[in-house]
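What follows is a single structure, written as structure tokens, with notes after it.
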2 protein chains.
Amino acid sequence: MATLSAVEENYLKYIFQLSEVSEKGIVKTNDLAYKLEHSAASVTDMLKKLSDKKLVAYKRYYGVSLTKSGLQIAVQVLRKHRLWETFLVKNLKFTWDQVHEIAEQLEHIQSDELIDKMDDYLGHPKFDPHGDPIPDKMGNISVPNVICLADAKLKKQYILSNVNDDSAAFLKYLNKIQLQLNDKIKIADKEEFDETIQLVVNDKKQLTISKDAAQNMFVKVV
Amino acid sequence: MATLSAVEENYLKYIFQLSEVSEKGIVKTNDLAYKLEHSAASVTDMLKKLSDKKLVAYKRYYGVSLTKSGLQIAVQVLRKHRLWETFLVKNLKFTWDQVHEIAEQLEHIQSDELIDKMDDYLGHPKFDPHGDPIPDKMGNISVPNVICLADAKLKKQYILSNVNDDSAAFLKYLNKIQLQLNDKIKIADKEEFDETIQLVVNDKKQLTISKDAAQNMFVKVV
DNA sequence: TTTTATTTTTAGTTTAGCCTAAATTTTATA
DNA sequence: TATAAAATTTAGGCTAAACTAAAAATAAAA
């Protein structure tokens, strides 16, 4: 398998991420275009190219999904991204809102040996700084049993275990309200009028967050 | 200053390296083409482009040299390359013959903060694993007082302090003959017939090397 | 000092990866 | 179910960075 360009790798990665939250794993051209911040026409071009390389299954006007080999590559890119993010936060002392952009570049460095040694160096971490699972060398991903905070029930105890890392703005907001991974969270109330949510954090701190914010957080049941 | 492409950065880096071993710092199109493994025509194209951006001073049929801003960028790329090589060897346990290729990629990651933090993490090393000086954040390079082993005198004591890192084959050869940085070297004899050189390493080991090999090694006087 | 050889540049192509505008297909609505 | 709206593709174009072949400038040799 010839090595792919960074652009091709990115397409596979985003197709994978979108397919995880779509019906039957089918990704629409427009959704991909929005993610990539490219025109839909450009996306169509690339999908044809990836289809020729048997990395995706693409049907005109219908959508795209990853083939087995496309999936393998996508997962390895994700593995690299998340291992690099872990290194940047754990070792280089970046904050979690600073690392996504840099990892977007580092994930395309071509060297299996590099990422294996980095994995050793970091002690084979299972999760990255945002709580996302890090695929292992074989491509296995431990899918953590989490639910979106927006869907969580009243009065129950949860642990904040995963946040959306794409937007630095959102992570900075979490820093500001002093919410971090592994905080204990209970939903005290949900306001129907404006859909805000009242939280109790670590059994003491009171916090009001928007539905938008809650949709970017994932919690596991205690 | 808009950020440059990896390709443009590479041109500046190689112009810098060639200018250090050329007369008056003028680099010829063909020499650059040979280094880059591109056609001379492609090089001419790029030199015009870099000239438009005021990164090089280019005169048709004559040659090219770096401007002040071109030099600054070249040195920063070199700094990144050498810091990454240091990290790969010191922390990730790569051997010195494995790191050049990977650093060629890593040197183009765009993030000042990343390289500053890496420099901190490594403890501000002055030399990379091949003995090349690492430019500091301001671009200052400590020029070590070394001479080429091929030009060294008979019977004098030297320390191996710098090797050519471009060729993995050469570094592997050094591994094989068990010669490493900081070894004590004395030239026992120079054979005029085939220009081989007899060495005594660390006062005991006898070694015969070719002139080609000697030209890739740099030593400092004890 | 001509002539020849070498180096370098110019001219014209190619490919990857993007774009806009127009055409087509699918989906939603009246 | 016909028509309007939305999504998607096609067509044609652009730029960066490479190429080859031919022309021009410089350097070397007779």
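Starting from 1 in every chain, residues are counted up; chains themselves are A, B, ... following the order of the structure tokens, and ligands are numbered from 1 as listed.
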### chain A residues near chain D (8 Å cut-off, only C-alpha atoms (C1' of nucleotides)) as number ranges by chain
A: 29-30, 40-41, 44, 60-61
Those same residues - N, CA and C atoms - I'd like them written as a tab-separated table (two decimals), in the first residue's frame.
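Final output, out.tsv:
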```tsv
chain	number	residue	atom	x	y	z
A	29	THR	N	-21.75	13.94	1.69
A	29	THR	CA	-20.75	14.85	1.12
A	29	THR	C	-20.72	16.20	1.83
A	30	ASN	N	-21.89	16.75	2.05
A	30	ASN	CA	-21.96	18.07	2.67
A	30	ASN	C	-21.42	18.10	4.10
A	40	ALA	N	-18.18	21.43	-1.39
A	40	ALA	CA	-18.72	20.09	-1.63
A	40	ALA	C	-18.13	19.50	-2.91
A	41	ALA	N	-17.86	20.35	-3.88
A	41	ALA	CA	-17.29	19.88	-5.15
A	41	ALA	C	-15.91	19.25	-4.94
A	44	THR	N	-16.32	15.84	-3.41
A	44	THR	CA	-16.71	14.84	-4.41
A	44	THR	C	-15.50	14.34	-5.19
A	60	ARG	N	-22.71	7.70	-5.75
A	60	ARG	CA	-23.10	9.06	-6.12
A	60	ARG	C	-24.46	9.45	-5.51
A	61	TYR	N	-24.53	10.65	-5.02
A	61	TYR	CA	-25.75	11.23	-4.44
A	61	TYR	C	-26.24	10.50	-3.19
```
### Query
Least-squares superposition of chain A on chain B, every Cα paired in order: what RMSD, in Å?
0.1 Å
Find the residues of chain B that sit at most 10 Å from chain A; for each, write down the nearest two atoms and how far apart they are in Å, to one decimal. Count only C-alpha atoms. Sort by chain, then by number going up, and give it as a Markdown table.
```
| residue | atom | partner | partner_atom | distance |
| --- | --- | --- | --- | --- |
| B:Leu88 | CA | A:Leu114 | CA | 8.3 |
| B:Asn91 | CA | A:Tyr121 | CA | 7.7 |
| B:Leu92 | CA | A:Lys117 | CA | 5.9 |
| B:Lys93 | CA | A:Lys117 | CA | 7.8 |
| B:Phe94 | CA | A:Lys117 | CA | 8.4 |
| B:Gln98 | CA | A:Glu113 | CA | 9.8 |
| B:Val99 | CA | A:Leu114 | CA | 9.4 |
| B:Glu101 | CA | A:Ser111 | CA | 9.2 |
| B:Ile102 | CA | A:Ser111 | CA | 7.1 |
| B:Ala103 | CA | A:Ile109 | CA | 9.6 |
| B:Glu104 | CA | A:Ile109 | CA | 9.8 |
| B:Gln105 | CA | A:Ile109 | CA | 6.4 |
| B:Leu106 | CA | A:Ile109 | CA | 7.0 |
| B:His108 | CA | A:Gln105 | CA | 9.2 |
| B:Ile109 | CA | A:Gln105 | CA | 6.4 |
| B:Gln110 | CA | A:Ile102 | CA | 7.6 |
| B:Ser111 | CA | A:Ile102 | CA | 7.1 |
| B:Glu113 | CA | A:Phe94 | CA | 9.1 |
| B:Leu114 | CA | A:Ile102 | CA | 8.0 |
| B:Ile115 | CA | A:Leu92 | CA | 9.8 |
| B:Asp116 | CA | A:Leu92 | CA | 9.6 |
| B:Lys117 | CA | A:Leu92 | CA | 5.9 |
| B:Met118 | CA | A:Leu92 | CA | 6.6 |
| B:Asp119 | CA | A:Leu92 | CA | 9.7 |
| B:Asp120 | CA | A:Leu92 | CA | 8.4 |
| B:Tyr121 | CA | A:Leu92 | CA | 6.5 |
| B:Leu122 | CA | A:Leu92 | CA | 9.9 |
```
Given only C-alpha atoms (C1' of nucleotides), how would the per-residue table for chain C near chain A read, listing every residue at most 8 Å away with its closest atom pair and distance in Å to one decimal, sorted by chain and number, as a Markdown table?
```
| residue | atom | partner | partner_atom | distance |
| --- | --- | --- | --- | --- |
| C:DG17 | C1' | A:Ser42 | CA | 7.9 |
| C:DC18 | C1' | A:Ser42 | CA | 6.6 |
| C:DC19 | C1' | A:Ser39 | CA | 7.7 |
| C:DT25 | C1' | A:Tyr61 | CA | 7.0 |
| C:DT26 | C1' | A:Tyr61 | CA | 7.5 |
```
### Query
What is the distance between atom CA of Ile197 of chain B and atom CA of Val219 of chain B, in Å to one decimal?
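That distance, rounded to one decimal, is 14.4 Å.
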### Query
Just asking: which residues within segment 51-216 of chain A are strand (DSSP E or B) according to DSSP, as an MDAnalysis selection string?
chainID A and resid 56:59 63:66 127 133 147:148 157:163 184:190 197:201 205:209
### Task
Kindly indicate which residue among A:Val200, A:Gln76, A:Ile15, A:Glu195 lies nearest to Asp151 of chain A, using only C-alpha atoms for the distances.
A:Glu195
### Message
Residues near segment 207-211 of chain A, anyone? I mean within 12 Å using only C-alpha atoms (C1' of nucleotides), not counting same-chain ones fewer than 4 positions away, as a VMD selection string.
### Response
chain A and resid 148 to 152 170 173 to 174 176 to 179 185 to 203 215 to 217
Store the residues of this selection in a file with C-alpha atoms, as a compact mmCIF listing (two decimals), in the first residue's frame.
```
# COMPACT_ATOMS: atom_id res chain seq x y z
CA CYS A 148 -23.84 12.70 26.47
CA LEU A 149 -24.35 15.00 29.42
CA ALA A 150 -27.28 16.54 27.55
CA ASP A 151 -29.02 13.14 27.77
CA ALA A 152 -28.11 12.40 31.37
CA PHE A 170 -14.97 25.17 24.34
CA TYR A 173 -14.55 27.72 28.61
CA LEU A 174 -14.21 24.55 30.68
CA LYS A 176 -12.68 29.06 33.04
CA ILE A 177 -15.55 27.40 34.87
CA GLN A 178 -13.00 25.01 36.42
CA LEU A 179 -14.53 21.84 35.13
CA ILE A 185 -21.26 15.67 38.29
CA LYS A 186 -24.90 15.58 39.35
CA ILE A 187 -27.69 17.23 37.43
CA ALA A 188 -29.66 19.26 39.96
CA ASP A 189 -32.19 20.63 37.49
CA LYS A 190 -32.99 21.09 33.83
CA GLU A 191 -34.69 24.33 32.85
CA GLU A 192 -37.22 23.68 30.12
CA PHE A 193 -37.55 27.32 29.09
CA ASP A 194 -34.00 27.86 27.80
CA GLU A 195 -32.66 24.32 28.17
CA THR A 196 -29.93 25.30 30.59
CA ILE A 197 -28.73 22.67 33.05
CA GLN A 198 -27.93 23.10 36.75
CA LEU A 199 -24.99 21.02 37.91
CA VAL A 200 -23.44 20.17 41.23
CA VAL A 201 -19.74 19.51 40.77
CA ASN A 202 -17.79 17.38 43.26
CA ASP A 203 -20.72 17.63 45.72
CA GLN A 215 -23.71 18.36 24.19
CA ASN A 216 -19.92 18.59 24.10
CA MET A 217 -19.48 16.63 27.33
```
### Query
In Å, with one decimal, what is the gap from atom CA of Lys205 of chain A to atom CA of Thr86 of chain A?
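Here the two named atoms are 28.3 Å from each other.
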### Query
What separation in Å, quoted to one decimal, exists between atom CA of Leu154 of chain A and atom CA of Lys172 of chain A?
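Spanning atom CA of Leu154 of chain A to atom CA of Lys172 of chain A is a straight-line distance of 26.2 Å.
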### Query
Among segment 5-110 of chain B, which residues carry a DSSP assignment of alpha helix (DSSP H), reported as a PyMOL selection string?
chain B and resi 6-19+29-36+40-52+68-90+99-106
Would you put the residues from that selection into a file with C-alpha atoms, as a CSV table (one decimal), in the first residue's frame?
```
chain,number,residue,atom,x,y,z
B,6,ALA,CA,7.6,22.7,3.8
B,7,VAL,CA,9.1,22.8,0.3
B,8,GLU,CA,10.1,26.5,0.6
B,9,GLU,CA,11.6,25.8,4.0
B,10,ASN,CA,13.6,23.0,2.6
B,11,TYR,CA,15.1,25.1,-0.1
B,12,LEU,CA,16.2,27.7,2.4
B,13,LYS,CA,17.7,25.0,4.7
B,14,TYR,CA,19.7,23.5,1.9
B,15,ILE,CA,20.8,26.9,0.5
B,16,PHE,CA,22.1,27.6,4.0
B,17,GLN,CA,23.9,24.3,4.3
B,18,LEU,CA,25.5,24.6,0.8
B,19,SER,CA,26.4,28.3,1.3
B,29,THR,CA,21.6,26.0,-9.1
B,30,ASN,CA,23.0,22.6,-10.0
B,31,ASP,CA,24.4,21.9,-6.5
B,32,LEU,CA,21.0,22.7,-5.1
B,33,ALA,CA,19.3,20.5,-7.6
B,34,TYR,CA,21.6,17.7,-6.7
B,35,LYS,CA,21.0,18.1,-3.0
B,36,LEU,CA,17.3,18.3,-3.4
B,40,ALA,CA,17.7,22.2,-12.3
B,41,ALA,CA,14.7,23.7,-14.0
B,42,SER,CA,12.6,23.2,-11.0
B,43,VAL,CA,15.2,24.8,-8.8
B,44,THR,CA,15.3,27.8,-11.0
B,45,ASP,CA,11.5,28.2,-10.7
B,46,MET,CA,11.7,28.1,-7.0
B,47,LEU,CA,14.6,30.5,-6.7
B,48,LYS,CA,12.6,33.1,-8.6
B,49,LYS,CA,9.7,32.6,-6.3
B,50,LEU,CA,11.9,32.9,-3.2
B,51,SER,CA,13.6,35.9,-4.7
B,52,ASP,CA,10.2,37.6,-5.1
B,68,LYS,CA,18.7,38.2,6.3
B,69,SER,CA,15.2,37.0,6.6
B,70,GLY,CA,15.9,33.9,4.5
B,71,LEU,CA,18.8,33.1,6.8
B,72,GLN,CA,16.7,33.5,9.9
B,73,ILE,CA,14.1,31.0,8.6
B,74,ALA,CA,16.8,28.5,7.5
B,75,VAL,CA,18.4,28.6,10.9
B,76,GLN,CA,15.1,28.0,12.7
B,77,VAL,CA,14.4,25.0,10.5
B,78,LEU,CA,17.8,23.7,11.3
B,79,ARG,CA,17.1,24.3,15.0
B,80,LYS,CA,13.9,22.3,14.8
B,81,HIS,CA,15.6,19.5,12.9
B,82,ARG,CA,18.3,19.1,15.4
B,83,LEU,CA,16.1,19.4,18.5
B,84,TRP,CA,13.9,16.7,17.1
B,85,GLU,CA,16.8,14.5,16.4
B,86,THR,CA,18.0,15.0,19.9
B,87,PHE,CA,14.6,14.1,21.3
B,88,LEU,CA,14.4,11.0,19.1
B,89,VAL,CA,17.7,9.7,20.2
B,90,LYS,CA,17.7,10.8,23.9
B,99,VAL,CA,16.6,9.9,13.0
B,100,HIS,CA,17.5,12.1,10.0
B,101,GLU,CA,14.6,11.0,7.8
B,102,ILE,CA,12.0,11.4,10.5
B,103,ALA,CA,13.4,14.8,11.5
B,104,GLU,CA,13.1,15.9,7.9
B,105,GLN,CA,9.4,15.7,8.4
B,106,LEU,CA,9.2,17.0,12.0
```
